[in-house]
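Participant: See model.txt below, with compact mmCIF, C-alpha atoms and all ligand atoms.
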# COMPACT_ATOMS: atom_id res chain seq x y z
CA MET O 1 2.36 11.73 17.10
CA GLU O 2 0.81 12.95 20.34
CA SER O 3 -2.87 13.83 20.67
CA ASN O 4 -2.13 17.48 21.42
CA GLN O 5 0.00 17.77 18.27
CA LEU O 6 -2.79 16.24 16.19
CA LEU O 7 -5.28 18.59 17.79
CA SER O 8 -3.20 21.64 16.94
CA VAL O 9 -2.89 20.45 13.33
CA ALA O 10 -6.68 19.95 13.15
CA GLU O 11 -7.20 23.47 14.50
CA GLU O 12 -4.84 24.93 11.93
CA PHE O 13 -6.09 23.08 8.84
CA GLY O 14 -9.66 22.04 9.70
CA CYS O 15 -11.39 18.67 9.37
CA PRO O 16 -11.66 16.17 7.83
CA LEU O 17 -7.89 15.95 7.54
CA TYR O 18 -5.21 13.36 6.84
CA VAL O 19 -1.98 13.75 8.82
CA TYR O 20 1.16 11.70 8.19
CA ASP O 21 4.05 11.39 10.63
CA ALA O 22 7.30 11.43 8.63
CA ALA O 23 9.28 9.99 11.55
CA LYS O 24 7.10 6.88 11.59
CA ILE O 25 7.58 6.29 7.85
CA GLU O 26 11.32 6.64 8.37
CA SER O 27 11.40 4.27 11.35
CA GLN O 28 9.41 1.60 9.48
CA TYR O 29 11.76 1.90 6.49
CA ASN O 30 14.76 1.57 8.76
CA ARG O 31 13.20 -1.34 10.61
CA LEU O 32 12.88 -3.27 7.37
CA THR O 33 16.34 -2.44 6.05
CA ASN O 34 17.88 -3.30 9.45
CA ALA O 35 16.12 -6.67 9.44
CA PHE O 36 17.91 -7.45 6.16
CA SER O 37 21.19 -5.69 6.89
CA LYS O 38 23.20 -8.82 6.07
CA VAL O 39 21.97 -8.79 2.49
CA GLU O 40 24.51 -7.01 0.31
CA LYS O 41 22.00 -5.73 -2.21
CA LEU O 42 18.62 -4.91 -0.77
CA ARG O 43 16.01 -2.83 -2.55
CA ILE O 44 12.80 -1.51 -1.04
CA ASN O 45 10.28 -0.42 -3.64
CA TYR O 46 7.50 1.47 -1.92
CA ALA O 47 4.05 0.54 -3.30
CA VAL O 48 2.72 3.88 -4.51
CA LYS O 49 -0.92 2.88 -4.45
CA ALA O 50 -0.95 2.88 -0.64
CA LEU O 51 -0.36 6.63 -0.43
CA SER O 52 0.69 8.55 -3.50
CA ASN O 53 1.21 12.12 -2.31
CA LEU O 54 4.31 13.58 -4.01
CA SER O 55 5.82 14.74 -0.72
CA VAL O 56 5.54 11.24 0.72
CA LEU O 57 7.19 9.84 -2.41
CA LYS O 58 10.01 12.39 -2.10
CA LEU O 59 10.49 11.52 1.56
CA LEU O 60 10.86 7.85 0.65
CA LYS O 61 13.21 8.72 -2.19
CA LYS O 62 15.46 10.57 0.25
CA MET O 63 15.65 7.42 2.33
CA GLY O 64 16.81 5.42 -0.68
CA SER O 65 13.54 3.73 -1.59
CA GLY O 66 12.48 2.81 -5.11
CA LEU O 67 8.86 2.49 -6.22
CA ASP O 68 6.40 -0.24 -7.05
CA THR O 69 3.71 1.00 -9.42
CA VAL O 70 0.58 -0.53 -10.90
CA SER O 71 -0.44 2.08 -13.47
CA ILE O 72 1.30 4.37 -15.91
CA GLN O 73 -0.01 7.32 -13.92
CA GLU O 74 1.79 6.04 -10.82
CA VAL O 75 4.93 5.72 -12.93
CA GLN O 76 4.52 9.33 -14.06
CA LEU O 77 4.01 10.46 -10.46
CA GLY O 78 7.21 8.67 -9.50
CA LEU O 79 9.18 10.27 -12.32
CA HIS O 80 7.70 13.64 -11.38
CA ALA O 81 8.85 13.10 -7.79
CA GLY O 82 12.38 12.61 -9.14
CA PHE O 83 12.80 8.83 -9.09
CA ALA O 84 15.11 7.43 -11.76
CA PRO O 85 13.24 5.12 -14.16
CA ASP O 86 15.43 2.20 -13.11
CA HIS O 87 14.30 2.64 -9.52
CA ILE O 88 10.71 2.01 -10.52
CA ILE O 89 9.08 -1.34 -11.15
CA TYR O 90 5.73 -1.59 -12.89
CA THR O 91 3.51 -4.50 -11.89
CA PRO O 92 0.21 -4.15 -13.70
CA ASN O 93 -2.62 -6.63 -13.86
CA GLY O 94 -4.95 -6.76 -16.82
CA VAL O 95 -3.75 -3.58 -18.50
CA SER O 96 -3.33 -3.13 -22.25
CA MET O 97 -0.22 -4.02 -24.20
CA ASP O 98 -0.09 -0.36 -25.28
CA GLU O 99 0.30 0.83 -21.70
CA ILE O 100 3.00 -1.74 -20.97
CA GLU O 101 4.96 -0.65 -24.05
CA GLU O 102 4.60 2.99 -23.08
CA VAL O 103 5.99 2.30 -19.61
CA ALA O 104 8.83 0.17 -21.01
CA ALA O 105 9.77 3.05 -23.31
CA LEU O 106 10.25 5.22 -20.22
CA GLY O 107 13.00 2.86 -19.05
CA VAL O 108 10.99 1.44 -16.15
CA GLN O 109 11.35 -2.20 -15.10
CA ILE O 110 8.41 -4.21 -16.45
CA ASN O 111 6.90 -7.03 -14.42
CA ILE O 112 4.60 -9.28 -16.44
CA ASP O 113 1.96 -11.51 -14.88
CA ASN O 114 0.30 -13.11 -17.86
CA LEU O 115 1.56 -15.58 -20.51
CA SER O 116 -0.25 -13.97 -23.40
CA ILE O 117 1.28 -10.55 -22.68
CA LEU O 118 4.67 -12.14 -22.06
CA GLU O 119 4.58 -13.79 -25.46
CA GLN O 120 3.50 -10.62 -27.26
CA PHE O 121 6.00 -8.47 -25.40
CA GLY O 122 8.85 -10.93 -25.86
CA ALA O 123 8.20 -11.15 -29.60
CA LYS O 124 8.29 -7.38 -30.04
CA HIS O 125 10.92 -6.37 -27.47
CA PRO O 126 13.28 -9.30 -26.94
CA ASN O 127 16.03 -7.03 -25.62
CA THR O 128 13.99 -5.30 -22.93
CA PRO O 129 14.63 -7.00 -19.60
CA VAL O 130 11.46 -8.30 -18.04
CA CYS O 131 10.54 -9.54 -14.59
CA ILE O 132 7.99 -12.32 -14.24
CA ARG O 133 5.30 -12.39 -11.59
CA ILE O 134 4.80 -15.92 -10.33
CA ASN O 135 1.72 -17.09 -8.47
CA PRO O 136 3.00 -19.66 -5.98
CA HIS O 137 -0.57 -20.53 -4.92
CA VAL O 138 -0.01 -19.92 -1.28
CA MET O 139 -2.96 -18.72 0.71
CA ALA O 140 -1.85 -15.74 2.73
CA GLY O 141 -4.12 -14.45 5.42
CA GLY O 142 -7.87 -14.59 5.60
CA ASN O 143 -9.18 -11.62 3.65
CA THR O 144 -10.15 -12.85 0.17
CA ASN O 145 -10.30 -9.27 -1.12
CA ILE O 146 -6.62 -8.73 -0.53
CA SER O 147 -5.26 -12.25 -0.63
CA VAL O 148 -3.88 -12.66 -4.12
CA GLY O 149 -1.73 -15.77 -4.15
CA HIS O 150 -4.38 -18.49 -3.95
CA ILE O 151 -5.39 -20.84 -6.73
CA ASP O 152 -8.34 -18.80 -8.06
CA SER O 153 -6.43 -15.55 -8.03
CA LYS O 154 -6.18 -13.50 -11.23
CA PHE O 155 -2.66 -12.40 -10.26
CA GLY O 156 0.59 -13.81 -11.51
CA ILE O 157 1.58 -16.67 -13.77
CA SER O 158 0.71 -19.96 -12.13
CA ILE O 159 3.64 -22.02 -10.99
CA HIS O 160 1.89 -24.92 -12.74
CA GLN O 161 2.42 -23.13 -16.06
CA LEU O 162 6.20 -23.06 -15.69
CA PRO O 163 6.86 -25.35 -18.72
CA HIS O 164 4.76 -23.10 -20.96
CA LEU O 165 6.47 -20.05 -19.51
CA LEU O 166 9.93 -21.48 -20.21
CA ARG O 167 8.91 -22.31 -23.77
CA ILE O 168 7.86 -18.72 -24.41
CA VAL O 169 11.12 -17.38 -22.97
CA GLU O 170 13.15 -19.77 -25.11
CA ASN O 171 11.24 -19.05 -28.29
CA THR O 172 11.36 -15.28 -27.93
CA LYS O 173 14.93 -15.21 -26.56
CA MET O 174 13.77 -12.57 -24.14
CA HIS O 175 15.87 -11.48 -21.20
CA ILE O 176 14.29 -12.33 -17.84
CA ASN O 177 16.12 -10.27 -15.21
CA GLY O 178 13.84 -10.76 -12.23
CA ILE O 179 11.21 -12.96 -10.71
CA HIS O 180 8.53 -11.78 -8.38
CA MET O 181 5.69 -12.83 -6.15
CA HIS O 182 3.20 -10.85 -4.13
CA THR O 183 1.06 -13.08 -2.02
CA GLY O 184 -1.33 -10.48 -0.73
CA SER O 185 -1.63 -8.00 2.03
CA ASP O 186 -2.34 -10.22 4.97
CA ILE O 187 0.61 -12.45 5.79
CA LEU O 188 0.22 -13.75 9.31
CA ASP O 189 2.65 -16.55 9.26
CA ILE O 190 6.33 -16.23 8.46
CA GLU O 191 6.50 -19.93 7.67
CA VAL O 192 3.90 -19.45 4.92
CA PHE O 193 6.00 -16.63 3.50
CA LEU O 194 9.14 -18.77 3.58
CA TYR O 195 7.30 -21.62 1.92
CA ALA O 196 6.27 -19.34 -0.93
CA ALA O 197 9.87 -18.07 -1.09
CA GLU O 198 11.10 -21.65 -1.64
CA ILE O 199 8.80 -21.93 -4.63
CA LEU O 200 10.29 -18.71 -5.96
CA PHE O 201 13.87 -19.99 -5.47
CA ASP O 202 12.96 -23.19 -7.32
CA THR O 203 11.55 -21.15 -10.15
CA ALA O 204 14.57 -18.86 -10.20
CA LYS O 205 16.90 -21.75 -11.04
CA HIS O 206 15.34 -21.96 -14.50
CA PHE O 207 16.53 -18.47 -15.42
CA LYS O 208 20.23 -17.79 -15.86
CA GLU O 209 20.34 -14.02 -16.08
CA LEU O 210 18.47 -12.85 -13.02
CA ASP O 211 19.48 -9.62 -11.31
CA PHE O 212 16.85 -9.66 -8.58
CA ILE O 213 14.27 -11.70 -6.74
CA ASP O 214 11.27 -9.71 -5.59
CA PHE O 215 9.32 -11.07 -2.64
CA GLY O 216 6.54 -8.52 -2.94
CA SER O 217 4.85 -7.56 0.25
CA GLY O 218 2.03 -8.63 2.51
CA PHE O 219 3.51 -7.46 5.79
CA LYS O 220 0.80 -7.14 8.37
CA VAL O 221 0.64 -4.16 10.68
CA PRO O 222 -1.42 -3.93 13.89
CA TYR O 223 -4.68 -2.00 13.72
CA LYS O 224 -5.60 -2.28 17.35
CA LYS O 225 -4.13 -3.50 20.61
CA GLY O 226 -3.50 -7.22 20.52
CA ASP O 227 -3.40 -7.47 16.71
CA ILE O 228 -0.80 -9.75 15.24
CA GLU O 229 1.88 -8.08 13.15
CA THR O 230 4.52 -9.55 10.89
CA ASN O 231 7.71 -10.06 12.80
CA VAL O 232 10.02 -8.58 10.16
CA GLU O 233 13.07 -9.12 12.35
CA GLU O 234 12.43 -12.86 12.45
CA LEU O 235 11.58 -12.91 8.75
CA GLY O 236 14.80 -10.99 8.13
CA LYS O 237 16.90 -13.56 9.93
CA LYS O 238 15.31 -16.58 8.27
CA LEU O 239 14.92 -15.26 4.75
CA THR O 240 18.41 -13.70 4.72
CA LYS O 241 19.92 -17.08 5.53
CA ARG O 242 18.00 -18.79 2.73
CA PHE O 243 18.68 -15.97 0.30
CA LEU O 244 22.44 -16.00 0.87
CA ALA O 245 22.51 -19.77 0.46
CA PHE O 246 20.51 -19.54 -2.73
CA GLU O 247 22.75 -16.81 -4.10
CA LYS O 248 25.76 -19.09 -3.68
CA GLU O 249 23.98 -21.97 -5.34
CA TYR O 250 22.83 -19.70 -8.17
CA GLY O 251 26.38 -18.43 -8.70
CA ARG O 252 25.56 -14.81 -9.31
CA GLU O 253 24.94 -11.75 -7.16
CA LEU O 254 21.28 -11.00 -6.70
CA THR O 255 19.29 -8.11 -5.30
CA LEU O 256 16.66 -8.98 -2.73
CA THR O 257 13.63 -6.80 -3.29
CA PHE O 258 10.49 -6.00 -1.31
CA GLU O 259 7.61 -3.73 -2.20
CA PRO O 260 5.76 -2.78 0.95
CA GLY O 261 2.96 -0.25 1.02
CA LYS O 262 0.99 -0.73 4.20
CA PHE O 263 4.05 -1.58 6.29
CA LEU O 264 5.73 1.73 5.50
CA VAL O 265 2.84 4.15 5.74
CA SER O 266 -0.21 2.67 7.48
CA GLU O 267 0.68 3.50 11.08
CA ALA O 268 2.12 6.89 10.09
CA GLY O 269 -1.35 8.15 9.14
CA PHE O 270 -4.10 9.74 11.23
CA PHE O 271 -7.50 10.72 9.93
CA LEU O 272 -9.06 13.56 11.90
CA ALA O 273 -12.79 14.23 11.86
CA LYS O 274 -15.07 16.52 13.85
CA VAL O 275 -18.17 15.25 15.63
CA ASN O 276 -21.24 17.00 14.24
CA VAL O 277 -23.89 15.26 16.30
CA VAL O 278 -24.16 12.95 19.27
CA LYS O 279 -27.43 11.07 18.99
CA GLN O 280 -28.81 8.85 21.70
CA THR O 281 -31.24 6.23 20.35
CA THR O 282 -33.01 3.45 22.23
CA SER O 283 -30.19 1.03 21.52
CA THR O 284 -26.96 2.98 21.12
CA VAL O 285 -25.27 6.34 21.06
CA PHE O 286 -24.22 7.52 17.62
CA ALA O 287 -21.36 9.91 17.06
CA GLY O 288 -21.92 11.44 13.63
CA ILE O 289 -18.78 12.93 12.10
CA ASP O 290 -18.12 15.41 9.31
CA THR O 291 -16.97 12.76 6.83
CA GLY O 292 -18.00 9.37 5.50
CA PHE O 293 -16.92 6.40 3.42
CA ASN O 294 -16.24 8.87 0.62
CA HIS O 295 -13.08 9.78 2.56
CA LEU O 296 -12.30 6.56 4.40
CA ILE O 297 -13.78 3.51 2.74
CA ARG O 298 -11.81 0.75 4.44
CA PRO O 299 -14.26 0.01 7.28
CA MET O 300 -17.19 -0.38 4.86
CA PHE O 301 -15.20 -2.01 2.05
CA TYR O 302 -12.85 -4.36 3.90
CA GLY O 303 -14.39 -4.43 7.38
CA SER O 304 -11.24 -2.77 8.74
CA GLU O 305 -11.35 -1.65 12.34
CA HIS O 306 -9.45 1.57 12.73
CA PHE O 307 -8.68 2.48 16.33
CA ILE O 308 -10.53 5.69 17.21
CA GLU O 309 -9.58 8.19 19.91
CA ASN O 310 -11.28 11.33 21.13
CA ILE O 311 -8.29 13.65 21.03
CA SER O 312 -10.29 16.64 22.30
CA HIS O 313 -11.07 14.84 25.57
CA PRO O 314 -8.75 11.86 25.78
CA LYS O 315 -9.14 11.35 29.52
CA GLY O 316 -12.94 11.33 29.94
CA LYS O 317 -15.06 8.44 31.15
CA GLU O 318 -15.24 5.79 28.42
CA ARG O 319 -18.66 5.07 26.90
CA PHE O 320 -19.87 2.92 24.01
CA TYR O 321 -20.39 4.62 20.66
CA SER O 322 -21.22 3.80 17.11
CA VAL O 323 -19.22 6.17 14.95
CA VAL O 324 -21.01 6.94 11.70
CA GLY O 325 -20.47 9.11 8.63
CA TYR O 326 -22.75 11.57 6.86
CA ILE O 327 -23.41 9.56 3.68
CA CYS O 328 -27.12 8.80 3.17
CA GLU O 329 -26.75 5.03 3.31
CA THR O 330 -25.05 2.64 5.69
CA ASP O 331 -21.86 4.44 6.59
CA THR O 332 -20.40 2.96 9.73
CA PHE O 333 -16.83 3.40 10.93
CA ALA O 334 -17.25 1.52 14.21
CA THR O 335 -19.97 -0.10 16.29
CA ASN O 336 -20.10 -0.21 20.07
CA ARG O 337 -16.61 1.11 20.50
CA ARG O 338 -15.37 2.30 23.87
CA ILE O 339 -14.29 5.88 23.41
CA SER O 340 -13.64 8.63 25.92
CA GLU O 341 -16.91 10.57 26.34
CA ILE O 342 -17.72 12.48 23.16
CA LYS O 343 -19.24 15.94 22.97
CA GLU O 344 -20.38 17.67 19.81
CA GLY O 345 -17.44 19.53 18.31
CA ASP O 346 -14.85 17.05 19.57
CA ILE O 347 -12.18 15.78 17.18
CA LEU O 348 -11.81 12.05 16.66
CA SER O 349 -8.57 10.56 15.39
CA PHE O 350 -8.53 7.35 13.34
CA ARG O 351 -5.28 5.39 13.48
CA ASN O 352 -3.68 3.45 10.61
CA ALA O 353 -4.90 6.04 8.15
CA GLY O 354 -1.75 6.16 6.03
CA ALA O 355 -2.31 3.25 3.63
CA TYR O 356 -5.24 2.88 1.23
CA CYS O 357 -7.17 5.72 2.84
CA PHE O 358 -6.67 9.01 1.02
CA THR O 359 -5.83 7.14 -2.21
CA MET O 360 -9.26 5.49 -2.11
CA ALA O 361 -11.17 8.69 -1.31
CA SER O 362 -13.80 9.95 -3.75
CA ASN O 363 -16.08 12.92 -4.33
CA TYR O 364 -19.23 10.91 -3.59
CA ASN O 365 -22.04 13.20 -2.40
CA SER O 366 -20.09 15.98 -4.16
CA ARG O 367 -17.95 16.49 -1.08
CA PHE O 368 -14.44 17.88 -1.24
CA LYS O 369 -11.58 15.48 -0.70
CA PRO O 370 -9.74 16.23 2.56
CA ALA O 371 -6.47 18.11 2.88
CA GLU O 372 -3.24 16.23 3.70
CA VAL O 373 -0.53 17.32 6.11
CA LEU O 374 2.97 15.93 6.64
CA TRP O 375 4.26 16.25 10.21
CA LYS O 376 8.02 16.54 9.98
CA ASP O 377 10.60 17.91 12.41
CA ASP O 378 7.82 19.04 14.78
CA LYS O 379 6.19 21.11 12.09
CA ALA O 380 3.00 20.68 10.06
CA HIS O 381 3.46 20.99 6.29
CA LEU O 382 0.39 21.20 4.09
CA ILE O 383 1.01 18.72 1.25
CA ARG O 384 -2.41 18.79 -0.38
CA GLN O 385 -5.02 21.50 -0.25
CA ARG O 386 -8.57 20.72 0.66
CA GLU O 387 -10.61 20.70 -2.52
CA THR O 388 -12.91 23.55 -3.40
CA PHE O 389 -16.08 23.86 -5.43
CA GLU O 390 -13.88 24.54 -8.49
CA ASP O 391 -12.58 20.98 -8.21
CA ILE O 392 -16.11 19.62 -8.20
CA LEU O 393 -16.90 21.54 -11.40
CA ARG O 394 -13.59 20.77 -13.13
CA ASN O 395 -13.95 18.57 -16.21
CA GLN O 396 -17.70 18.87 -16.28
CA VAL O 397 -18.82 20.08 -19.69
CA GLU O 398 -21.91 22.22 -19.47
CA ILE O 399 -24.04 21.99 -22.60
CA GLU O 400 -26.99 24.09 -23.74
CA LEU O 401 -30.25 22.35 -22.85
C1 LIG X 501 -0.51 -3.51 -3.49
C2 LIG X 501 0.74 -4.13 -3.84
C3 LIG X 501 1.81 -4.13 -2.93
C4 LIG X 501 1.74 -3.53 -1.55
O1 LIG X 501 0.99 -4.30 -0.66
P1 LIG X 501 0.93 -3.90 0.89
O2 LIG X 501 0.07 -4.91 1.52
O3 LIG X 501 0.35 -2.53 0.98
O4 LIG X 501 2.30 -3.91 1.43
C5 LIG X 501 2.99 -4.72 -3.34
N1 LIG X 501 3.11 -5.28 -4.57
C6 LIG X 501 2.09 -5.29 -5.45
C7 LIG X 501 2.30 -5.91 -6.78
C8 LIG X 501 0.87 -4.74 -5.12
O5 LIG X 501 -0.12 -4.77 -6.01
Output the file's structure as structure tokens, nothing else.
Ligand SMILES: *Cc1c(COP(=O)(O)O)cnc(C)c1O

Facilitator:
Amino acid sequence: MESNQLLSVAEEFGCPLYVYDAAKIESQYNRLTNAFSKVEKLRINYAVKALSNLSVLKLLKKMGSGLDTVSIQEVQLGLHAGFAPDHIIYTPNGVSMDEIEEVAALGVQINIDNLSILEQFGAKHPNTPVCIRINPHVMAGGNTNISVGHIDSKFGISIHQLPHLLRIVENTKMHINGIHMHTGSDILDIEVFLYAAEILFDTAKHFKELDFIDFGSGFKVPYKKGDIETNVEELGKKLTKRFLAFEKEYGRELTLTFEPGKFLVSEAGFFLAKVNVVKQTTSTVFAGIDTGFNHLIRPMFYGSEHFIENISHPKGKERFYSVVGYICETDTFATNRRISEIKEGDILSFRNAGAYCFTMASNYNSRFKPAEVLWKDDKAHLIRQRETFEDILRNQVEIEL
């Protein structure tokens, strides 16, 4: 989206505001499916937790996407958005057996990542097909918060526990229809991904009734100029070749599945905020904006650097700024960033605000969560209202004191 389009949307709906560019979501989806066009059966299951607005889910559904969910509420959102249960996979970690059974009863594909749950589930529901989440113990990327395939990770069933796993499957006579890995959200190196894929192929040989192999996600997208991004075209070429060879060896048609979140929606999102104050101190110039980590927690939580532009005055002389929020504790979006000269009242646009931004927003400081807008066919569509004071009061029970 162009700066002037973003500016007009900010003027219409106010700040802080999340704006999503439908065309970018579509082009990322197509990029991925094109990279794997030689695979007969390809399924993309969008990871709902990245951005769970119903209109975004419906847009992805129209493109043919399925869903990857991590909670029963995400499953319910998906069903509400019109997804068929068999186009939803549920990959929880550390949830109760009750929740898993509830989701299975809805006809959704279950993905189990724990031997104890597998044993319990297999004993009670031997006829329900189950996918198994394997931990191949491959270190993907450098961020330990989001890297989930390493040896100490709580995710997945360790590849070293394969004999135990096979024993459980044999004893319960359960039907394993898929195997899965998700090595974390920071894959830099295609070779590392392919190495993990080999471990998954090796594991797959032990199961005779597989319908799909799910390679999870972890595609890296650029946050700023010069950032490395996953070359999905190269991954497509290399993994397709291995997948087709494996399929032959396995002797049965398989679906190749991915479950990207960030890759599909990160770059489609813009977070727009208004500058309340410009404050010159002895050491720096602060630009204080009308939002904080209550609305965009990634910089404080993960150290993410979102590219920031002054869309009100994009062509001014660049100066160094620290962009800070209004929360009464450290609340820094960027330090010493070169940004086109900022005046009070200007609108700043944060890039890469599609994934894990609105979905991680809170009401901290009793602020309203921002509105969300979908930009589609050159028009702005409001897809979530800004909260009101009613929302802050909702669910509070006032007692006589
Ligand atoms: C979060 C998650 C994803 C999506 O990860 P991205 O890095 O956003 O692509 C995929 N699969 C599972 C199981 C997840 O938990």

Participant: Select the residues contacting ligand LIG 501 (chain X) at a distance of at most 8 Å, based on all atoms listed in the file, then format the selection as a list in words.

Facilitator: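 Within the 8 Å cut-off, the matching residues are Tyr46, Ala47, Lys49, Ala50, Asp68, Thr69, Val70, Thr91, Pro92, Ile146, Met181, His182, Gly184, Ser185, Asp186, Gly216, Ser217, Gly218, Phe219, Lys220, Phe258, Glu259, Pro260, Gly261, Lys262, Phe263, Leu264, Ala355 and Tyr356 of chain O.
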
Participant: Take the residues just selected and output them with C-alpha atoms as a tab-separated table (two decimals), keeping the file's coordinate frame.

Facilitator:
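See again_39.tsv below for the written result:
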chain	number	residue	atom	x	y	z
O	46	TYR	CA	7.50	1.47	-1.92
O	47	ALA	CA	4.05	0.54	-3.30
O	49	LYS	CA	-0.92	2.88	-4.45
O	50	ALA	CA	-0.95	2.88	-0.64
O	68	ASP	CA	6.40	-0.24	-7.05
O	69	THR	CA	3.71	1.00	-9.42
O	70	VAL	CA	0.58	-0.53	-10.90
O	91	THR	CA	3.51	-4.50	-11.89
O	92	PRO	CA	0.21	-4.15	-13.70
O	146	ILE	CA	-6.62	-8.73	-0.53
O	181	MET	CA	5.69	-12.83	-6.15
O	182	HIS	CA	3.20	-10.85	-4.13
O	184	GLY	CA	-1.33	-10.48	-0.73
O	185	SER	CA	-1.63	-8.00	2.03
O	186	ASP	CA	-2.34	-10.22	4.97
O	216	GLY	CA	6.54	-8.52	-2.94
O	217	SER	CA	4.85	-7.56	0.25
O	218	GLY	CA	2.03	-8.63	2.51
O	219	PHE	CA	3.51	-7.46	5.79
O	220	LYS	CA	0.80	-7.14	8.37
O	258	PHE	CA	10.49	-6.00	-1.31
O	259	GLU	CA	7.61	-3.73	-2.20
O	260	PRO	CA	5.76	-2.78	0.95
O	261	GLY	CA	2.96	-0.25	1.02
O	262	LYS	CA	0.99	-0.73	4.20
O	263	PHE	CA	4.05	-1.58	6.29
O	264	LEU	CA	5.73	1.73	5.50
O	355	ALA	CA	-2.31	3.25	3.63
O	356	TYR	CA	-5.24	2.88	1.23

Participant: Which residue is closest to Met300 (chain O)? Choose from O:Thr284, O:Thr330, O:Asn53, O:Ser8 and count all atoms listed in the file.

Facilitator: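 Closest candidate: O:Thr330.
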
Participant: Of the candidates O:Cys15, O:Leu165, O:Met1, O:Leu401, which shows the shortest atom-to-atom distance to Ile347 (chain O), using all atoms listed in the file?

Facilitator: O:Cys15

Participant: Give me, as JSON lines, the closest atom pair and its distance (Å, one decimal) for every residue of region 88-140 of chain O within a cut-off of 12 Å of region 79-83 of chain O, counting all atoms listed in the file, rows sorted by chain and rising number.

Facilitator:
{"residue": "O:Ile88", "atom": "CA", "partner": "O:Phe83", "partner_atom": "CA", "distance": 7.3}
{"residue": "O:Ile89", "atom": "CA", "partner": "O:Phe83", "partner_atom": "CA", "distance": 11.0}
{"residue": "O:Val103", "atom": "CA", "partner": "O:Leu79", "partner_atom": "CA", "distance": 11.3}
{"residue": "O:Leu106", "atom": "CA", "partner": "O:Leu79", "partner_atom": "CA", "distance": 9.4}
{"residue": "O:Gly107", "atom": "CA", "partner": "O:Leu79", "partner_atom": "CA", "distance": 10.7}
{"residue": "O:Val108", "atom": "CA", "partner": "O:Leu79", "partner_atom": "CA", "distance": 9.8}

Participant: Between CA of Asn310 (chain O) and CA of Asp346 (chain O), what distance in Å does the model show, to one decimal?

Facilitator: 6.9 Å

Participant: Go through region 157-256 of chain O residue by residue and, counting all atoms listed in the file, keep those with an atom at most 9 Å from region 114-119 of chain O; for each kept residue give the shortest atom pair and its distance in Å to one decimal, ordered by chain and increasing number, as a tab-separated table.

Facilitator:
residue	atom	partner	partner_atom	distance
O:Ile157	CA	O:Asn114	CA	5.6
O:Ser158	CA	O:Asn114	CA	8.9
O:Gln161	CA	O:Leu115	CA	8.8
O:His164	CA	O:Leu115	CA	8.2
O:Leu165	CA	O:Leu115	CA	6.7
O:Ile168	CA	O:Glu119	CA	6.0
O:Val169	CA	O:Glu119	CA	7.9
O:Asn171	CA	O:Glu119	CA	8.9
O:Thr172	CA	O:Glu119	CA	7.4
